[in-house]
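Asker: What follows is a structure written as structure tokens; I'll ask about it next.
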Amino acid sequence: MAEVTQLIHDYLRHNKKFPHVFCPGCGHGIVLGSLIRSVHALQLPKDDVVIVAGIGCSGRMAVYVDFNTVHTTHGRALTFATGIKMANPKLKVICVMGDGDALSIGGNHLIHAARRNVGVTALILNNYIYGMTGGQCSPATPFGDTSMTTPHGSLEQPFDTVDLVTAAGANYVARGTSFHANMLDTLIKDAIMHPGFSVVEALSPCPTQYGRKNKFKGAVSMYEWLKKNTVKVENRKEGDTRIPIGVFRDVDQPGLEDRYAALKAQIAKKDLPAPKEAPVPAGECAPLEVPVEKAETKEQA
Ligand SMILES: Cc1ncc(C[n+]2csc(CCOP(=O)(O)OP(=O)(O)O)c2C)c(N)n1
Ligand code: SF4
């Protein structure tokens, strides 16, 4: 207990920014605890850590923690995070987003951060819904589930975050849940230390919006659901319909900031490879004849 109190004093802006906004039973507080325990276990100096967040209940994390923090606009957190990492690659930049933030308005930034493989950790808190704004459907809302904007059930298939960022090129991709807090600590620690773009999706119950609309009896039943409906990816057998959790991709491609630093060093040493020649078009090219209308001047008229 004393250790937890110490962590609260060390890592939270407890005397400035509390009480917090999280509803009773919300999974976001558990993910916040995991994030703090991970940074603490890695012994990272607080000044070397930057938390960048968008807008949403999940985005409030950036307000509560006592690191360098930037609470940005909805959907754009990854753009700020990319800039911070490129400007100062020695920082550990952790970008906290909800599923709406990361997959809907910010979906474009997510796939491009993965494609660029920039050295940022994206922590995506997936509660299957827009929590903060009253429970609208998100790109992660499961097919058939109810939300404020899908009262008869969603007709759309959701994104699979893991598949999406894996296909787009992220170096490290993992999924955990707020129920499996110890595993989540490990995944976040690994992600923070991994070079290149790392993504941890945390399935994190929203009892107030998603839970009520989808007939869960309360927060406890949502955690029981997570326990029953997930399986470690290494134990998954063919035909198992439970949600796999664990590490899905773990490769070591250099991050964008490393490739950029290498190029800068080459330029400084004037040690650049010759530029690639422009491709020669195949076949004969007839000069393009563009009809030019002669404008009549006043004198000619
Ligand atoms: C540009 C812009 N569009 C919309 C909003 C309104 N808005 C605030 S939070 C949010 C969605 C939050 O859902 P999510 O990102 O899943 O986070 P959660 O609250 O569930 O943690 C929206 C649509 C906004 N603040 N800015
Ligand atoms: S609305 Fe949902 S996501 Fe937001 S704090 Fe409440 S339980 Fe958590």
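In the structure tokens, each chain is lettered A, B, ... as it comes, each chain's residues begin at 1, and ligands are numbered from 1 in order of appearance.
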Need to verify the contact set: A:Gly98, 9 Å, only C-alpha atoms, exclusion of same-chain residues closer than 6 positions in sequence. Can you return it as an MDAnalysis selection string?
Answerer: chainID A and resid 54:59 123:127 129:131
Asker: Report as a PyMOL selection string all protein, DNA and RNA residues lying within 12 Å of stretch 154-162 of chain A, evaluated on only C-alpha atoms, omitting residues in the same chain fewer than 5 positions from it.
Answerer: chain A and resi 98-100+102-104+107+110-111+114+122-126+128-129+136-149+167-176+198-203+214+233+243-249
Asker: Write out, as a PDB file, in the first residue's frame, the residues just selected, with C-alpha atoms.
Answerer:
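Output saved as part.pdb:
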ATOM      1  CA  GLY A  98      -9.305   6.268 -27.516  1.00  0.00           C
ATOM      2  CA  ASP A  99     -10.642   4.056 -30.304  1.00  0.00           C
ATOM      3  CA  GLY A 100     -12.547   7.029 -31.728  1.00  0.00           C
ATOM      4  CA  ALA A 102      -7.075   6.679 -33.029  1.00  0.00           C
ATOM      5  CA  LEU A 103      -9.242   4.805 -35.543  1.00  0.00           C
ATOM      6  CA  SER A 104     -11.863   7.288 -36.658  1.00  0.00           C
ATOM      7  CA  GLY A 107      -7.157   6.764 -38.494  1.00  0.00           C
ATOM      8  CA  LEU A 110      -2.337   5.985 -37.330  1.00  0.00           C
ATOM      9  CA  ILE A 111      -1.652   4.135 -40.566  1.00  0.00           C
ATOM     10  CA  ALA A 114       2.915   2.804 -38.741  1.00  0.00           C
ATOM     11  CA  ALA A 122       0.660   4.344 -29.339  1.00  0.00           C
ATOM     12  CA  LEU A 123      -1.502   3.224 -26.430  1.00  0.00           C
ATOM     13  CA  ILE A 124      -5.020   2.782 -27.801  1.00  0.00           C
ATOM     14  CA  LEU A 125      -7.761   2.418 -25.190  1.00  0.00           C
ATOM     15  CA  ASN A 126     -10.507   0.544 -26.983  1.00  0.00           C
ATOM     16  CA  TYR A 128     -15.805   0.034 -28.403  1.00  0.00           C
ATOM     17  CA  ILE A 129     -17.507   3.452 -28.261  1.00  0.00           C
ATOM     18  CA  GLN A 136     -21.703   7.140 -30.358  1.00  0.00           C
ATOM     19  CA  CYS A 137     -20.614   4.242 -32.581  1.00  0.00           C
ATOM     20  CA  SER A 138     -16.867   4.101 -33.326  1.00  0.00           C
ATOM     21  CA  PRO A 139     -14.888   2.152 -35.941  1.00  0.00           C
ATOM     22  CA  ALA A 140     -14.238  -0.403 -33.182  1.00  0.00           C
ATOM     23  CA  THR A 141     -17.875  -0.974 -32.174  1.00  0.00           C
ATOM     24  CA  PRO A 142     -18.519  -4.685 -32.789  1.00  0.00           C
ATOM     25  CA  PHE A 143     -20.967  -5.624 -35.542  1.00  0.00           C
ATOM     26  CA  GLY A 144     -24.534  -5.673 -34.204  1.00  0.00           C
ATOM     27  CA  ASP A 145     -23.744  -3.808 -30.986  1.00  0.00           C
ATOM     28  CA  THR A 146     -25.818  -0.931 -29.760  1.00  0.00           C
ATOM     29  CA  SER A 147     -24.660   2.638 -29.391  1.00  0.00           C
ATOM     30  CA  MET A 148     -26.338   6.023 -29.326  1.00  0.00           C
ATOM     31  CA  THR A 149     -26.033   6.239 -33.109  1.00  0.00           C
ATOM     32  CA  ALA A 167      -0.421  -4.385 -42.254  1.00  0.00           C
ATOM     33  CA  ALA A 168       0.627  -0.727 -42.192  1.00  0.00           C
ATOM     34  CA  GLY A 169       4.133  -1.602 -40.943  1.00  0.00           C
ATOM     35  CA  ALA A 170       4.349  -1.064 -37.159  1.00  0.00           C
ATOM     36  CA  ASN A 171       7.370  -2.750 -35.545  1.00  0.00           C
ATOM     37  CA  TYR A 172       5.695  -3.944 -32.353  1.00  0.00           C
ATOM     38  CA  VAL A 173       2.004  -4.761 -32.053  1.00  0.00           C
ATOM     39  CA  ALA A 174       0.245  -6.080 -28.953  1.00  0.00           C
ATOM     40  CA  ARG A 175      -3.196  -6.322 -27.413  1.00  0.00           C
ATOM     41  CA  GLY A 176      -4.019  -6.479 -23.711  1.00  0.00           C
ATOM     42  CA  SER A 198       4.912   0.303 -31.232  1.00  0.00           C
ATOM     43  CA  VAL A 199       1.218  -0.162 -30.596  1.00  0.00           C
ATOM     44  CA  VAL A 200      -0.577  -1.564 -27.560  1.00  0.00           C
ATOM     45  CA  GLU A 201      -4.322  -1.858 -27.856  1.00  0.00           C
ATOM     46  CA  ALA A 202      -5.915  -2.097 -24.409  1.00  0.00           C
ATOM     47  CA  LEU A 203      -9.507  -3.344 -24.323  1.00  0.00           C
ATOM     48  CA  ASN A 214     -25.336  -3.451 -24.453  1.00  0.00           C
ATOM     49  CA  VAL A 233      -2.458 -15.674 -28.733  1.00  0.00           C
ATOM     50  CA  ILE A 243     -10.239 -12.377 -28.825  1.00  0.00           C
ATOM     51  CA  PRO A 244      -6.494 -13.105 -28.937  1.00  0.00           C
ATOM     52  CA  ILE A 245      -4.286 -11.081 -26.580  1.00  0.00           C
ATOM     53  CA  GLY A 246      -0.496 -10.866 -26.328  1.00  0.00           C
ATOM     54  CA  VAL A 247       2.231  -9.908 -28.786  1.00  0.00           C
ATOM     55  CA  PHE A 248       1.406 -10.169 -32.496  1.00  0.00           C
ATOM     56  CA  ARG A 249       4.439  -8.592 -34.137  1.00  0.00           C
TER      57      ARG A 249
END
Asker: I need the residues of stretch 57-290 of chain A that end up classed as strand (DSSP E) by DSSP on the backbone, written out as an NGL selection string.
Answerer: :A and (68-71 or 92-98 or 120-126 or 172-177 or 198-203 or 230-232 or 243-250)
Asker: Quick one: DSSP helix (DSSP H, G or I) residues in stretch 10-76 of chain A, as a VMD selection string?
Answerer: chain A and resid 10 to 11 28 to 41 46 to 48 58 to 64
Asker: Quick check, in Å to one decimal: how far apart do atom CA of A:Leu44 and atom CA of A:His109 lie?
Answerer: 26.9 Å
Asker: Please write out the residues within 9 Å of ligand 2 as a ChimeraX atom specification, counting only C-alpha atoms and all ligand atoms.
Answerer: /A:20-29,56-58,98,125,127,129-135,204-211,219
Asker: Could those residues be written to a file, using N, CA, C and O atoms, as a short mmCIF file (atom, residue, chain, number, x, y, z; two decimals), in the first residue's frame?
Answerer:
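Result written to result_28.cif:
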data_model
loop_
_atom_site.label_atom_id
_atom_site.label_comp_id
_atom_site.auth_asym_id
_atom_site.auth_seq_id
_atom_site.Cartn_x
_atom_site.Cartn_y
_atom_site.Cartn_z
N HIS A 20 -10.62 13.04 -10.65
CA HIS A 20 -10.57 12.71 -12.08
C HIS A 20 -12.00 12.54 -12.62
O HIS A 20 -12.97 12.54 -11.85
N VAL A 21 -12.10 12.39 -13.95
CA VAL A 21 -13.43 12.30 -14.57
C VAL A 21 -13.91 10.86 -14.77
O VAL A 21 -15.04 10.64 -15.20
N PHE A 22 -13.05 9.88 -14.50
CA PHE A 22 -13.43 8.50 -14.84
C PHE A 22 -14.63 8.02 -14.00
O PHE A 22 -14.65 8.20 -12.78
N CYS A 23 -15.59 7.37 -14.65
CA CYS A 23 -16.76 6.82 -13.95
C CYS A 23 -16.31 5.61 -13.11
O CYS A 23 -15.30 4.97 -13.44
N PRO A 24 -17.10 5.24 -12.10
CA PRO A 24 -16.78 4.02 -11.35
C PRO A 24 -16.72 2.82 -12.30
O PRO A 24 -17.61 2.66 -13.14
N GLY A 25 -15.67 2.02 -12.19
CA GLY A 25 -15.56 0.81 -13.01
C GLY A 25 -14.95 1.02 -14.38
O GLY A 25 -14.71 0.07 -15.11
N CYS A 26 -14.66 2.27 -14.74
CA CYS A 26 -14.06 2.54 -16.05
C CYS A 26 -12.68 1.88 -16.14
O CYS A 26 -11.89 1.93 -15.18
N GLY A 27 -12.39 1.27 -17.29
CA GLY A 27 -11.10 0.60 -17.45
C GLY A 27 -9.93 1.55 -17.61
O GLY A 27 -8.76 1.16 -17.44
N HIS A 28 -10.20 2.80 -17.94
CA HIS A 28 -9.12 3.73 -18.26
C HIS A 28 -8.17 3.95 -17.08
O HIS A 28 -6.97 4.12 -17.27
N GLY A 29 -8.73 3.97 -15.85
CA GLY A 29 -7.86 4.15 -14.67
C GLY A 29 -6.88 3.00 -14.51
O GLY A 29 -5.74 3.19 -14.08
N GLY A 56 -10.94 12.95 -25.29
CA GLY A 56 -11.78 11.80 -24.94
C GLY A 56 -11.53 11.51 -23.48
O GLY A 56 -10.65 12.11 -22.86
N CYS A 57 -12.30 10.59 -22.91
CA CYS A 57 -12.04 10.21 -21.52
C CYS A 57 -10.60 9.70 -21.41
O CYS A 57 -9.88 10.04 -20.47
N SER A 58 -10.18 8.89 -22.39
CA SER A 58 -8.81 8.38 -22.40
C SER A 58 -7.79 9.51 -22.47
O SER A 58 -6.73 9.45 -21.83
N GLY A 98 -8.15 7.16 -27.53
CA GLY A 98 -9.30 6.27 -27.52
C GLY A 98 -9.47 5.64 -28.89
O GLY A 98 -8.78 6.02 -29.85
N LEU A 125 -6.80 2.94 -26.16
CA LEU A 125 -7.76 2.42 -25.19
C LEU A 125 -9.08 2.17 -25.91
O LEU A 125 -9.80 3.11 -26.23
N ASN A 127 -12.65 1.04 -25.95
CA ASN A 127 -13.86 0.70 -25.17
C ASN A 127 -15.05 0.49 -26.09
O ASN A 127 -16.19 0.49 -25.64
N ILE A 129 -16.49 2.40 -28.18
CA ILE A 129 -17.51 3.45 -28.26
C ILE A 129 -16.86 4.82 -28.04
O ILE A 129 -15.73 4.89 -27.54
N TYR A 130 -17.55 5.89 -28.42
CA TYR A 130 -17.12 7.24 -28.02
C TYR A 130 -17.65 7.46 -26.60
O TYR A 130 -18.84 7.72 -26.41
N GLY A 131 -16.78 7.36 -25.61
CA GLY A 131 -17.24 7.49 -24.22
C GLY A 131 -17.62 8.92 -23.86
O GLY A 131 -18.73 9.20 -23.42
N MET A 132 -16.69 9.81 -24.09
CA MET A 132 -16.84 11.17 -23.57
C MET A 132 -18.06 11.91 -24.11
O MET A 132 -18.70 12.68 -23.41
N THR A 133 -18.41 11.65 -25.38
CA THR A 133 -19.47 12.46 -26.00
C THR A 133 -20.84 11.79 -25.97
O THR A 133 -21.75 12.22 -26.66
N GLY A 134 -20.99 10.72 -25.21
CA GLY A 134 -22.33 10.16 -25.02
C GLY A 134 -22.59 8.83 -25.68
O GLY A 134 -23.74 8.40 -25.79
N GLY A 135 -21.54 8.14 -26.13
CA GLY A 135 -21.72 6.75 -26.58
C GLY A 135 -22.09 6.56 -28.03
O GLY A 135 -22.89 5.68 -28.38
N SER A 204 -10.72 -1.85 -22.86
CA SER A 204 -10.90 -1.14 -21.60
C SER A 204 -12.38 -0.78 -21.41
O SER A 204 -12.89 0.11 -22.10
N PRO A 205 -13.09 -1.49 -20.52
CA PRO A 205 -14.54 -1.31 -20.44
C PRO A 205 -15.01 0.11 -20.14
O PRO A 205 -14.42 0.81 -19.32
N CYS A 206 -16.10 0.48 -20.82
CA CYS A 206 -16.82 1.73 -20.53
C CYS A 206 -18.21 1.31 -20.04
O CYS A 206 -19.13 1.12 -20.84
N PRO A 207 -18.36 1.14 -18.72
CA PRO A 207 -19.67 0.68 -18.22
C PRO A 207 -20.77 1.69 -18.48
O PRO A 207 -21.92 1.31 -18.72
N THR A 208 -20.44 2.97 -18.47
CA THR A 208 -21.48 4.00 -18.55
C THR A 208 -22.12 4.08 -19.93
O THR A 208 -23.34 4.18 -20.04
N GLN A 209 -21.33 4.05 -20.96
CA GLN A 209 -21.88 4.19 -22.30
C GLN A 209 -22.07 2.84 -23.00
O GLN A 209 -23.18 2.44 -23.29
N TYR A 210 -20.99 2.13 -23.20
CA TYR A 210 -21.09 0.86 -23.93
C TYR A 210 -21.82 -0.21 -23.09
O TYR A 210 -22.70 -0.92 -23.57
N GLY A 211 -21.45 -0.30 -21.82
CA GLY A 211 -22.00 -1.35 -20.95
C GLY A 211 -23.51 -1.26 -20.84
O GLY A 211 -24.24 -2.23 -21.08
N ALA A 219 -20.18 -2.93 -14.15
CA ALA A 219 -18.76 -2.97 -14.51
C ALA A 219 -18.17 -4.37 -14.31
O ALA A 219 -17.43 -4.87 -15.16
#
Asker: For A:Asn182, work out the shell of residues within 10 Å, counting only C-alpha atoms and skipping chain neighbours fewer than 5 positions away, then give it as a compact mmCIF listing (two decimals) with C-alpha atoms, in the first residue's frame.
Answerer:
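The resulting part22.txt:
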# COMPACT_ATOMS: atom_id res chain seq x y z
CA SER A 34 -0.26 0.12 -15.93
CA ARG A 37 3.98 1.09 -13.23
CA SER A 38 5.70 0.45 -16.57
CA GLY A 176 -4.02 -6.48 -23.71
CA THR A 177 -7.00 -5.68 -21.52
CA LEU A 187 3.20 -5.15 -22.97
Asker: Would you compute the distance between atom 11 (C, counted along the ligand's line) of ligand 1 and atom CA of A:Lys46? Give it in Å to one decimal.
Answerer: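 Going from atom 11 (C, counted along the ligand's line) of ligand 1 over to atom CA of A:Lys46, I get 28.3 Å.
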Asker: If we count only C-alpha atoms and set the cut-off at 6 Å, which residues sit around A:Leu12, ignoring sequence neighbours fewer than 4 positions away in its own chain? Please answer as a ChimeraX atom specification.
Answerer: /A:8,64-66
Asker: Measuring atom to atom with only C-alpha atoms and all ligand atoms, identify which of A:His14, A:His71, A:Lys189, A:His40 is nearest to ligand 1.
Answerer: A:His71
Asker: Using only C-alpha atoms and all ligand atoms, which of the listed residues (A:Val31, A:Val251, A:Ile51, A:Ala87) sits closest to ligand 1?
Answerer: A:Val31
